[in-house]
$ cat my_file_7.pdb   # PDB, C-alpha atoms (C1' of nucleotides)
ATOM      1  CA  MET A   1       0.000   0.000   0.000
ATOM      2  CA  VAL A   2       1.186   3.475  -0.857
ATOM      3  CA  ARG A   3       1.298   5.700   2.147
ATOM      4  CA  ASN A   4       2.551   9.045   1.075
ATOM      5  CA  MET A   5      -0.278  10.966   2.681
ATOM      6  CA  VAL A   6      -3.515  10.545   4.586
ATOM      7  CA  LEU A   7      -5.465   7.535   3.349
ATOM      8  CA  THR A   8      -8.617   8.100   1.345
ATOM      9  CA  THR A   9     -11.882   6.584   2.440
ATOM     10  CA  SER A  10     -11.641   3.875  -0.176
ATOM     11  CA  GLU A  11      -8.110   3.030   0.863
ATOM     12  CA  ILE A  12      -9.317   2.593   4.408
ATOM     13  CA  ASP A  13     -12.109   0.366   3.121
ATOM     14  CA  LYS A  14      -9.520  -1.744   1.375
ATOM     15  CA  LEU A  15      -7.320  -1.884   4.453
ATOM     16  CA  LEU A  16     -10.178  -3.088   6.644
ATOM     17  CA  ASP A  17     -11.252  -5.587   3.992
ATOM     18  CA  ASN A  18      -7.769  -7.014   3.808
ATOM     19  CA  ALA A  19      -7.669  -7.270   7.569
ATOM     20  CA  LYS A  20     -11.045  -9.028   7.446
ATOM     21  CA  LEU A  21     -12.483  -6.506   9.841
ATOM     22  CA  ARG A  22     -15.895  -4.940   9.615
ATOM     23  CA  HIS A  23     -16.019  -1.295   8.764
ATOM     24  CA  THR A  24     -16.854   0.750  11.805
ATOM     25  CA  LYS A  25     -16.455   4.405  12.583
ATOM     26  CA  GLN A  26     -13.841   3.753  15.252
ATOM     27  CA  ARG A  27     -11.670   1.464  13.169
ATOM     28  CA  ALA A  28     -11.754   3.862  10.251
ATOM     29  CA  GLN A  29     -10.829   6.791  12.479
ATOM     30  CA  LEU A  30      -7.909   4.941  14.009
ATOM     31  CA  ALA A  31      -6.706   3.666  10.640
ATOM     32  CA  LYS A  32      -6.780   7.203   9.320
ATOM     33  CA  MET A  33      -4.770   8.439  12.296
ATOM     34  CA  LEU A  34      -2.197   5.677  12.112
ATOM     35  CA  PHE A  35      -1.438   4.804   8.530
ATOM     36  CA  LYS A  36       0.088   7.887   7.047
ATOM     37  CA  ALA A  37       3.322   8.533   5.226
ATOM     38  CA  GLU A  38       5.422   8.511   8.357
ATOM     39  CA  ASN A  39       5.723   5.504  10.551
ATOM     40  CA  ARG A  40       5.093   6.129  14.177
ATOM     41  CA  HIS A  41       5.513   4.729  17.660
ATOM     42  CA  PHE A  42       2.852   5.200  20.288
ATOM     43  CA  THR A  43       1.160   3.653  23.294
ATOM     44  CA  ALA A  44      -2.536   2.883  23.609
ATOM     45  CA  GLU A  45      -2.978   5.715  26.086
ATOM     46  CA  GLN A  46      -1.257   8.209  23.816
ATOM     47  CA  LEU A  47      -3.441   7.211  20.893
ATOM     48  CA  HIS A  48      -6.535   7.451  23.032
ATOM     49  CA  LYS A  49      -5.676  10.970  24.088
ATOM     50  CA  GLU A  50      -4.888  11.899  20.504
ATOM     51  CA  ALA A  51      -8.199  10.532  19.260
ATOM     52  CA  ARG A  52     -10.166  12.436  21.882
ATOM     53  CA  THR A  53      -8.277  15.596  21.062
ATOM     54  CA  ALA A  54      -9.175  15.091  17.400
ATOM     55  CA  GLY A  55     -12.800  15.085  18.489
ATOM     56  CA  HIS A  56     -13.462  11.379  18.131
ATOM     57  CA  THR A  57     -15.472   9.551  20.749
ATOM     58  CA  ILE A  58     -13.769   6.288  21.351
ATOM     59  CA  SER A  59     -13.192   4.318  24.489
ATOM     60  CA  LEU A  60      -9.857   3.070  25.708
ATOM     61  CA  ALA A  61     -11.145  -0.500  25.467
ATOM     62  CA  THR A  62     -11.820  -0.015  21.775
ATOM     63  CA  ILE A  63      -8.348   1.397  21.281
ATOM     64  CA  TYR A  64      -6.880  -1.758  22.793
ATOM     65  CA  ASN A  65      -9.224  -4.036  20.835
ATOM     66  CA  THR A  66      -8.449  -2.327  17.570
ATOM     67  CA  LEU A  67      -4.711  -2.216  18.107
ATOM     68  CA  HIS A  68      -4.683  -5.935  18.718
ATOM     69  CA  GLN A  69      -6.801  -6.568  15.649
ATOM     70  CA  PHE A  70      -4.512  -4.425  13.526
ATOM     71  CA  ARG A  71      -1.598  -6.292  14.964
ATOM     72  CA  SER A  72      -3.069  -9.699  14.137
ATOM     73  CA  ALA A  73      -3.654  -8.422  10.635
ATOM     74  CA  GLY A  74       0.002  -7.527  10.332
ATOM     75  CA  LEU A  75      -0.581  -3.796  10.230
ATOM     76  CA  LEU A  76       1.188  -3.066  13.507
ATOM     77  CA  ARG A  77       3.851  -4.593  15.652
ATOM     78  CA  GLN A  78       4.615  -4.301  19.330
ATOM     79  CA  VAL A  79       7.863  -3.022  20.727
ATOM     80  CA  ILE A  80       8.846  -3.903  24.278
ATOM     81  CA  VAL A  81      11.498  -1.641  25.710
ATOM     82  CA  GLU A  82      10.249  -0.602  29.094
ATOM     83  CA  PRO A  83       8.582  -2.416  31.925
ATOM     84  CA  GLY A  84       4.876  -1.807  32.256
ATOM     85  CA  LYS A  85       4.061  -0.320  28.912
ATOM     86  CA  VAL A  86       3.801  -1.484  25.332
ATOM     87  CA  TYR A  87       4.661   0.582  22.312
ATOM     88  CA  PHE A  88       3.051  -0.035  18.943
ATOM     89  CA  ASP A  89       4.885   0.582  15.706
ATOM     90  CA  THR A  90       3.328   1.159  12.291
ATOM     91  CA  ASN A  91       6.512  -0.041  10.649
ATOM     92  CA  THR A  92       6.035  -3.761  10.199
ATOM     93  CA  GLU A  93       9.139  -4.340   8.116
ATOM     94  CA  PRO A  94      12.002  -6.052   9.927
ATOM     95  CA  HIS A  95      13.966  -3.244  11.545
ATOM     96  CA  HIS A  96      15.462  -2.114  14.813
ATOM     97  CA  HIS A  97      15.209   0.713  17.327
ATOM     98  CA  PHE A  98      16.916   3.452  19.161
ATOM     99  CA  TYR A  99      15.310   4.014  22.513
ATOM    100  CA  ILE A 100      16.022   7.373  24.119
ATOM    101  CA  GLU A 101      15.633   6.494  27.750
ATOM    102  CA  ASP A 102      15.481  10.072  28.999
ATOM    103  CA  ASP A 103      12.159  10.756  27.348
ATOM    104  CA  GLY A 104      10.843   7.359  26.310
ATOM    105  CA  GLU A 105      11.181   8.039  22.610
ATOM    106  CA  LEU A 106      11.554   5.295  20.026
ATOM    107  CA  LEU A 107      13.286   5.831  16.678
ATOM    108  CA  ASP A 108      13.476   3.391  13.811
ATOM    109  CA  VAL A 109      16.771   1.955  12.693
ATOM    110  CA  GLU A 110      16.555   0.420   9.241
ATOM    111  CA  ARG A 111      17.384  -3.202   8.941
ATOM    112  CA  ASN A 112      20.411  -2.604   6.744
ATOM    113  CA  GLU A 113      21.894  -0.081   9.173
ATOM    114  CA  VAL A 114      22.767  -2.932  11.507
ATOM    115  CA  LYS A 115      24.858  -5.637   9.909
ATOM    116  CA  ILE A 116      25.018  -8.815  11.888
ATOM    117  CA  SER A 117      27.725 -11.087  10.547
ATOM    118  CA  THR A 118      27.689 -13.836  13.144
ATOM    119  CA  LEU A 119      24.726 -15.440  14.806
ATOM    120  CA  PRO A 120      24.791 -17.919  17.684
ATOM    121  CA  GLU A 121      23.683 -21.468  17.172
ATOM    122  CA  ILE A 122      19.926 -21.688  17.609
ATOM    123  CA  PRO A 123      18.782 -24.125  20.302
ATOM    124  CA  LYS A 124      17.506 -27.274  18.665
ATOM    125  CA  ASN A 125      13.763 -27.576  18.268
ATOM    126  CA  CYS A 126      13.541 -23.819  17.885
ATOM    127  CA  ASN A 127      13.006 -21.431  15.019
ATOM    128  CA  ILE A 128      13.783 -17.747  14.962
ATOM    129  CA  ARG A 129      10.572 -15.784  14.988
ATOM    130  CA  GLU A 130      12.093 -12.360  15.142
ATOM    131  CA  MET A 131      15.224 -10.560  16.107
ATOM    132  CA  ASP A 132      15.141  -7.259  17.938
ATOM    133  CA  VAL A 133      18.057  -4.929  18.327
ATOM    134  CA  ILE A 134      17.471  -2.137  20.792
ATOM    135  CA  ILE A 135      20.105   0.538  21.117
ATOM    136  CA  ARG A 136      19.472   2.328  24.368
ATOM    137  CA  LEU A 137      20.572   5.942  24.382
ATOM    138  CA  ARG A 138      21.114   8.611  26.955
ATOM    139  CA  LYS A 139      21.149  12.276  26.179
ATOM    140  CA  LYS A 140      24.456  14.013  26.713
TER     141      LYS A 140
ATOM    142  CA  MET B   1      34.565 -12.289  42.155
ATOM    143  CA  VAL B   2      34.978 -16.002  41.683
ATOM    144  CA  ARG B   3      31.685 -17.791  41.496
ATOM    145  CA  ASN B   4      32.325 -21.410  40.969
ATOM    146  CA  MET B   5      30.116 -22.520  43.819
ATOM    147  CA  VAL B   6      27.938 -21.252  46.616
ATOM    148  CA  LEU B   7      29.397 -18.144  48.241
ATOM    149  CA  THR B   8      30.863 -18.394  51.705
ATOM    150  CA  THR B   9      29.660 -16.149  54.483
ATOM    151  CA  SER B  10      32.692 -13.942  54.205
ATOM    152  CA  GLU B  11      32.259 -13.640  50.460
ATOM    153  CA  ILE B  12      28.734 -12.473  51.044
ATOM    154  CA  ASP B  13      30.026  -9.980  53.598
ATOM    155  CA  LYS B  14      32.411  -8.682  50.982
ATOM    156  CA  LEU B  15      29.697  -8.505  48.362
ATOM    157  CA  LEU B  16      27.418  -6.475  50.624
ATOM    158  CA  ASP B  17      30.312  -4.251  51.676
ATOM    159  CA  ASN B  18      31.167  -3.532  48.062
ATOM    160  CA  ALA B  19      27.555  -2.729  47.351
ATOM    161  CA  LYS B  20      27.555  -0.412  50.383
ATOM    162  CA  LEU B  21      24.604  -2.245  51.840
ATOM    163  CA  ARG B  22      24.142  -3.186  55.440
ATOM    164  CA  HIS B  23      24.313  -6.832  56.299
ATOM    165  CA  THR B  24      20.878  -8.206  56.976
ATOM    166  CA  LYS B  25      19.555 -11.708  57.038
ATOM    167  CA  GLN B  26      17.368 -11.179  53.996
ATOM    168  CA  ARG B  27      20.055  -9.636  51.833
ATOM    169  CA  ALA B  28      22.492 -12.380  52.723
ATOM    170  CA  GLN B  29      19.929 -15.078  51.941
ATOM    171  CA  LEU B  30      19.109 -13.597  48.586
ATOM    172  CA  ALA B  31      22.769 -13.089  47.713
ATOM    173  CA  LYS B  32      23.451 -16.696  48.548
ATOM    174  CA  MET B  33      20.585 -17.836  46.349
ATOM    175  CA  LEU B  34      21.554 -15.669  43.423
ATOM    176  CA  PHE B  35      25.288 -15.489  43.078
ATOM    177  CA  LYS B  36      26.407 -18.978  42.314
ATOM    178  CA  ALA B  37      28.436 -20.481  39.524
ATOM    179  CA  GLU B  38      25.657 -20.372  36.985
ATOM    180  CA  ASN B  39      24.079 -17.198  35.891
ATOM    181  CA  ARG B  40      20.349 -17.140  36.043
ATOM    182  CA  HIS B  41      17.232 -15.331  34.900
ATOM    183  CA  PHE B  42      14.245 -14.904  37.153
ATOM    184  CA  THR B  43      11.379 -12.637  38.099
ATOM    185  CA  ALA B  44      10.723 -11.165  41.529
ATOM    186  CA  GLU B  45       7.768 -13.469  42.050
ATOM    187  CA  GLN B  46       9.771 -16.546  41.115
ATOM    188  CA  LEU B  47      12.533 -15.608  43.516
ATOM    189  CA  HIS B  48      10.032 -14.952  46.264
ATOM    190  CA  LYS B  49       8.485 -18.380  45.832
ATOM    191  CA  GLU B  50      11.925 -19.962  45.759
ATOM    192  CA  ALA B  51      12.971 -18.208  48.961
ATOM    193  CA  ARG B  52       9.838 -19.288  50.779
ATOM    194  CA  THR B  53      10.333 -22.843  49.577
ATOM    195  CA  ALA B  54      13.889 -22.716  50.929
ATOM    196  CA  GLY B  55      12.377 -21.880  54.296
ATOM    197  CA  HIS B  56      13.279 -18.200  54.386
ATOM    198  CA  THR B  57      10.806 -15.689  55.661
ATOM    199  CA  ILE B  58      10.976 -12.727  53.380
ATOM    200  CA  SER B  59       8.307 -10.465  52.032
ATOM    201  CA  LEU B  60       7.753  -9.678  48.394
ATOM    202  CA  ALA B  61       8.440  -6.013  49.111
ATOM    203  CA  THR B  62      11.882  -6.906  50.402
ATOM    204  CA  ILE B  63      12.540  -8.994  47.316
ATOM    205  CA  TYR B  64      11.800  -5.967  45.178
ATOM    206  CA  ASN B  65      13.813  -3.628  47.381
ATOM    207  CA  THR B  66      16.803  -5.913  47.399
ATOM    208  CA  LEU B  67      16.727  -6.638  43.690
ATOM    209  CA  HIS B  68      16.784  -2.927  42.982
ATOM    210  CA  GLN B  69      19.622  -2.385  45.403
ATOM    211  CA  PHE B  70      21.625  -5.198  43.847
ATOM    212  CA  ARG B  71      20.902  -3.720  40.479
ATOM    213  CA  SER B  72      22.105  -0.269  41.487
ATOM    214  CA  ALA B  73      25.240  -1.898  42.792
ATOM    215  CA  GLY B  74      25.838  -3.500  39.405
ATOM    216  CA  LEU B  75      25.217  -7.041  40.600
ATOM    217  CA  LEU B  76      22.109  -7.586  38.491
ATOM    218  CA  ARG B  77      20.614  -6.258  35.333
ATOM    219  CA  GLN B  78      17.070  -6.149  34.057
ATOM    220  CA  VAL B  79      15.897  -7.769  30.865
ATOM    221  CA  ILE B  80      12.720  -6.564  29.221
ATOM    222  CA  VAL B  81      11.255  -9.025  26.758
ATOM    223  CA  GLU B  82       7.615  -9.297  27.618
ATOM    224  CA  PRO B  83       4.943  -6.806  28.510
ATOM    225  CA  GLY B  84       4.027  -6.668  32.159
ATOM    226  CA  LYS B  85       6.939  -8.447  33.738
ATOM    227  CA  VAL B  86      10.591  -7.825  34.380
ATOM    228  CA  TYR B  87      13.307 -10.440  34.333
ATOM    229  CA  PHE B  88      16.499 -10.056  36.323
ATOM    230  CA  ASP B  89      19.788 -11.478  35.137
ATOM    231  CA  THR B  90      22.829 -12.266  37.261
ATOM    232  CA  ASN B  91      25.040 -11.935  34.215
ATOM    233  CA  THR B  92      26.086  -8.295  34.156
ATOM    234  CA  GLU B  93      28.606  -8.629  31.353
ATOM    235  CA  PRO B  94      27.497  -7.201  28.014
ATOM    236  CA  HIS B  95      25.680 -10.049  26.297
ATOM    237  CA  HIS B  96      22.471 -10.921  24.508
ATOM    238  CA  HIS B  97      19.500 -13.246  24.817
ATOM    239  CA  PHE B  98      17.431 -15.929  23.292
ATOM    240  CA  TYR B  99      13.856 -15.695  24.429
ATOM    241  CA  ILE B 100      11.793 -18.832  24.006
ATOM    242  CA  GLU B 101       8.341 -17.358  23.698
ATOM    243  CA  ASP B 102       6.483 -20.614  24.216
ATOM    244  CA  ASP B 103       7.554 -20.942  27.822
ATOM    245  CA  GLY B 104       8.983 -17.546  28.731
ATOM    246  CA  GLU B 105      12.530 -18.838  29.078
ATOM    247  CA  LEU B 106      15.584 -16.634  28.681
ATOM    248  CA  LEU B 107      18.973 -17.969  27.593
ATOM    249  CA  ASP B 108      22.223 -16.071  27.465
ATOM    250  CA  VAL B 109      23.989 -15.433  24.199
ATOM    251  CA  GLU B 110      27.597 -14.432  24.688
ATOM    252  CA  ARG B 111      28.626 -11.096  23.352
ATOM    253  CA  ASN B 112      31.048 -12.582  20.827
ATOM    254  CA  GLU B 113      28.418 -14.923  19.412
ATOM    255  CA  VAL B 114      26.750 -11.949  17.760
ATOM    256  CA  LYS B 115      29.062  -9.922  15.551
ATOM    257  CA  ILE B 116      27.723  -6.577  14.593
ATOM    258  CA  SER B 117      29.765  -5.067  11.819
ATOM    259  CA  THR B 118      27.727  -1.968  11.029
ATOM    260  CA  LEU B 119      26.003   0.362  13.414
ATOM    261  CA  PRO B 120      23.654   3.220  12.539
ATOM    262  CA  GLU B 121      24.667   6.767  13.145
ATOM    263  CA  ILE B 122      23.802   7.722  16.716
ATOM    264  CA  PRO B 123      21.479  10.718  17.041
ATOM    265  CA  LYS B 124      23.485  13.749  18.046
ATOM    266  CA  ASN B 125      23.434  14.647  21.730
ATOM    267  CA  CYS B 126      23.103  10.988  22.576
ATOM    268  CA  ASN B 127      25.403   8.285  23.906
ATOM    269  CA  ILE B 128      24.902   4.570  23.723
ATOM    270  CA  ARG B 129      24.136   3.228  27.161
ATOM    271  CA  GLU B 130      23.566  -0.338  26.181
ATOM    272  CA  MET B 131      22.671  -2.482  23.243
ATOM    273  CA  ASP B 132      20.287  -5.397  23.548
ATOM    274  CA  VAL B 133      19.868  -8.118  20.992
ATOM    275  CA  ILE B 134      16.897 -10.352  21.616
ATOM    276  CA  ILE B 135      16.438 -13.375  19.409
ATOM    277  CA  ARG B 136      12.868 -14.504  19.810
ATOM    278  CA  LEU B 137      12.350 -18.207  19.312
ATOM    279  CA  ARG B 138       9.418 -20.507  18.806
ATOM    280  CA  LYS B 139       9.543 -24.188  19.437
ATOM    281  CA  LYS B 140       9.121 -26.405  16.401
TER     282      LYS B 140
ATOM    283  C1'  DA C   1     -38.461  -3.423   9.873
ATOM    284  C1'  DA C   2     -36.997  -7.816  12.420
ATOM    285  C1'  DG C   3     -33.714 -10.889  13.922
ATOM    286  C1'  DG C   4     -29.219 -12.419  14.741
ATOM    287  C1'  DT C   5     -24.374 -11.214  15.044
ATOM    288  C1'  DT C   6     -20.532  -8.190  15.951
ATOM    289  C1'  DT C   7     -18.699  -4.108  18.043
ATOM    290  C1'  DT C   8     -18.350  -0.662  21.415
ATOM    291  C1'  DT C   9     -18.471   0.803  25.922
ATOM    292  C1'  DA C  10     -18.123   1.941  31.068
ATOM    293  C1'  DG C  11     -16.582   0.201  34.694
ATOM    294  C1'  DA C  12     -14.811  -3.750  37.235
ATOM    295  C1'  DA C  13     -11.062  -6.865  37.598
ATOM    296  C1'  DC C  14      -6.320  -8.087  37.198
ATOM    297  C1'  DC C  15      -1.599  -8.307  38.342
ATOM    298  C1'  DA C  16       3.127  -6.925  38.611
ATOM    299  C1'  DT C  17       5.110  -3.404  40.939
ATOM    300  C1'  DT C  18       5.521   0.544  44.167
ATOM    301  C1'  DC C  19       4.218   2.979  48.203
ATOM    302  C1'  DT C  20       3.116   3.694  53.143
ATOM    303  C1'  DA C  21       3.717   3.814  57.700
ATOM    304  C1'  DA C  22       4.504   1.068  61.575
ATOM    305  C1'  DA C  23       7.281  -2.694  63.706
ATOM    306  C1'  DA C  24      11.777  -4.868  63.832
ATOM    307  C1'  DA C  25      16.639  -4.929  63.339
ATOM    308  C1'  DA C  26      21.057  -2.796  63.159
ATOM    309  C1'  DG C  27      24.615   0.410  64.579
ATOM    310  C1'  DA C  28      26.538   3.957  67.601
ATOM    311  C1'  DA C  29      27.312   6.004  71.916
ATOM    312  C1'  DA C  30      27.556   5.956  76.592
TER     313       DA C  30
ATOM    314  C1'  DT D   1      24.522  -3.758  78.202
ATOM    315  C1'  DT D   2      21.151   0.017  77.734
ATOM    316  C1'  DT D   3      19.533   3.761  75.183
ATOM    317  C1'  DC D   4      19.013   6.356  71.158
ATOM    318  C1'  DT D   5      18.973   7.003  66.196
ATOM    319  C1'  DT D   6      18.872   5.267  61.686
ATOM    320  C1'  DT D   7      17.956   1.740  58.467
ATOM    321  C1'  DT D   8      15.392  -2.216  57.030
ATOM    322  C1'  DT D   9      11.549  -5.140  56.733
ATOM    323  C1'  DT D  10       6.882  -5.868  56.434
ATOM    324  C1'  DA D  11       1.687  -6.290  55.505
ATOM    325  C1'  DG D  12      -1.363  -4.313  53.214
ATOM    326  C1'  DA D  13      -2.973  -0.436  50.417
ATOM    327  C1'  DA D  14      -2.291   1.999  46.197
ATOM    328  C1'  DT D  15      -0.981   2.398  41.388
ATOM    329  C1'  DG D  16      -1.203   2.015  36.469
ATOM    330  C1'  DG D  17      -1.346  -0.240  32.219
ATOM    331  C1'  DT D  18      -4.054  -3.747  30.360
ATOM    332  C1'  DT D  19      -7.844  -7.133  30.026
ATOM    333  C1'  DC D  20     -12.397  -8.672  31.082
ATOM    334  C1'  DT D  21     -17.488  -8.411  31.485
ATOM    335  C1'  DA D  22     -21.897  -7.866  30.199
ATOM    336  C1'  DA D  23     -25.086  -4.651  28.464
ATOM    337  C1'  DA D  24     -26.118  -1.204  24.880
ATOM    338  C1'  DA D  25     -25.256   0.216  20.224
ATOM    339  C1'  DA D  26     -24.137  -0.603  15.584
ATOM    340  C1'  DC D  27     -24.110  -3.568  11.840
ATOM    341  C1'  DC D  28     -25.725  -6.985   8.333
ATOM    342  C1'  DT D  29     -29.008  -9.964   6.217
ATOM    343  C1'  DT D  30     -33.443 -11.113   4.965
TER     344       DT D  30
END

$ encode --input "my_file_7.pdb" --output "structure tokens"
Amino acid sequence: MVRNMVLTTSEIDKLLDNAKLRHTKQRAQLAKMLFKAENRHFTAEQLHKEARTAGHTISLATIYNTLHQFRSAGLLRQVIVEPGKVYFDTNTEPHHHFYIEDDGELLDVERNEVKISTLPEIPKNCNIREMDVIIRLRKK
Amino acid sequence: MVRNMVLTTSEIDKLLDNAKLRHTKQRAQLAKMLFKAENRHFTAEQLHKEARTAGHTISLATIYNTLHQFRSAGLLRQVIVEPGKVYFDTNTEPHHHFYIEDDGELLDVERNEVKISTLPEIPKNCNIREMDVIIRLRKK
DNA sequence: AAGGTTTTTAGAACCATTCTAAAAAAGAAA
DNA sequence: TTTCTTTTTTAGAATGGTTCTAAAAACCTT
């Protein structure tokens, strides 16, 4: 999908169709907020606040439900960098992260910016599902 | 510190001295449980259960207090791999992890088993504090 | 429009962790 | 040792992000 600006209504229809989700006002609103040109990182609470500020009426429970549905559909991924809170990431390509600990900010690191030349032997009976590199930063 | 077996009382004294912590029964018990030959990964709840099973009387609050004190003293580090729970790791050397998602098990990966040949440019005004590689596994 | 299904919602529940404030233990001084 | 002060431990309450519940609203089909 091309994402160089805000999605049109028909693009959102397509997105929800692909995700096999019914079209509802809340899902369309969230999709419109999330899937723009720029990838973003956010928590459920942040998104909730943002939606209310934008004048949408949506409950926190629906935010959580929808984020998980989007995630199952492969439209979002979770990033775990801090105890007690989950970040969501609209970038679902394999990639890595800077995490600025001072202010809890996540930044994407493209996959090819980290070259891993040696990998450990994988325990038998296991497959790699995903590999996360988190570079934790402190401000000078 | 040499850790090829259970620590002696005087080694524990030294450990607490170095950490600038007073010697108390609970801290000594936990130190004895934790700092053995093998490094280990555990949560506060797991350690609490283990201590009670070993016949020690120690509250969960003290487990948390002590783990944080040990961490500040550089004797433990935290590992964040799952939402809503924190693992502690007795291995404080720079290293990485396998995380077996099926059963929530963490395994150490030595630093030299992952060779990173290219790093992204660090955002200006920032320093690297730490770099975590988490290889998420699924059982076949 | 009616009927059956899915979605949304407010608020309760959950659970790992932190906080509180009072009791217990430790250390210092006499 | 006894007393005094400080630190530590503790049970239980509080917290905060997330999930659950069950009832109302929205949705879809006929």

$ resolve_selection --input "my_file_7.pdb" --expression "the PyMOL selection byres ((chain A) within 9 of (chain D))" --output "VMD selection string"
chain A and resid 22 to 24 45 61 64 84 to 86

$ closest_atom_pairs --input "my_file_7.pdb" --of "segment 24-118 of chain A" --to "segment 120-139 of chain B" --cutoff "8 Å" --atoms "all atoms listed in the file" --output "JSON lines"
{"residue": "A:Val109", "atom": "CA", "partner": "B:Pro120", "partner_atom": "CA", "distance": 7.0}
{"residue": "A:Glu113", "atom": "CA", "partner": "B:Pro120", "partner_atom": "CA", "distance": 5.0}
{"residue": "A:Val114", "atom": "CA", "partner": "B:Pro120", "partner_atom": "CA", "distance": 6.3}

$ atom_distance --input "my_file_7.pdb" --atom1 "atom CA of Gly74 of chain A" --atom2 "atom CA of Leu34 of chain A"
13.5 Å

$ resolve_selection --input "my_file_7.pdb" --expression "the PyMOL selection byres ((chain B and resi 46) around 12)" --output "ChimeraX atom specification"
/B:40-45,47-53,60,63-64,85-88 /C:16

$ closest_residue --input "my_file_7.pdb" --among "A:Ala31, A:Ile116, A:Ser59, A:His95" --to "chain B" --atoms "only C-alpha atoms"
A:Ile116

$ closest_atom_pairs --input "my_file_7.pdb" --of "chain C" --to "chain B" --cutoff "9 Å" --atoms "only C-alpha atoms (C1' of nucleotides)" --output "Markdown table"
| residue | atom | partner | partner_atom | distance |
| --- | --- | --- | --- | --- |
| C:DC15 | C1' | B:Gly84 | CA | 8.5 |
| C:DA16 | C1' | B:Lys85 | CA | 6.4 |
| C:DT17 | C1' | B:Tyr64 | CA | 8.3 |
| C:DT18 | C1' | B:Ala61 | CA | 8.7 |
| C:DA25 | C1' | B:Thr24 | CA | 8.3 |
| C:DA26 | C1' | B:Thr24 | CA | 8.2 |

$ closest_residue --input "my_file_7.pdb" --among "B:Leu67, B:Ala73, B:Ile58, B:Leu106" --to "Leu16 of chain B" --atoms "only C-alpha atoms"
B:Ala73

$ atom_distance --input "my_file_7.pdb" --atom1 "atom CA of Met33 of chain A" --atom2 "atom CA of Glu101 of chain A"
25.7 Å

$ atom_distance --input "my_file_7.pdb" --atom1 "atom CA of Asn39 of chain A" --atom2 "atom CA of Thr90 of chain A"
5.3 Å

$ axis_aligned_box --input "my_file_7.pdb" --around "segment 100-110 of chain A" --padding-each-side "4 Å" --output "lines of an AutoDock Vina configuration file"
center_x = 13.8
center_y = 5.6
center_z = 19.1
size_x = 13.9
size_y = 18.3
size_z = 27.8

$ closest_residue --input "my_file_7.pdb" --among "A:Asp89, A:Glu11, A:Asp103, A:Glu110" --to "chain B" --atoms "only C-alpha atoms"
A:Glu110

$ closest_residue --input "my_file_7.pdb" --among "A:Thr92, A:Val81, A:Arg111, A:Lys32" --to "chain B" --atoms "only C-alpha atoms"
A:Val81

$ closest_residue --input "my_file_7.pdb" --among "A:Arg71, A:Lys36, A:Arg27, A:Lys140" --to "chain B" --atoms "only C-alpha atoms"
A:Lys140

$ closest_residue --input "my_file_7.pdb" --among "B:Leu107, B:Leu7, B:Ala19, B:Ile80" --to "chain A" --atoms "only C-alpha atoms"
B:Ile80
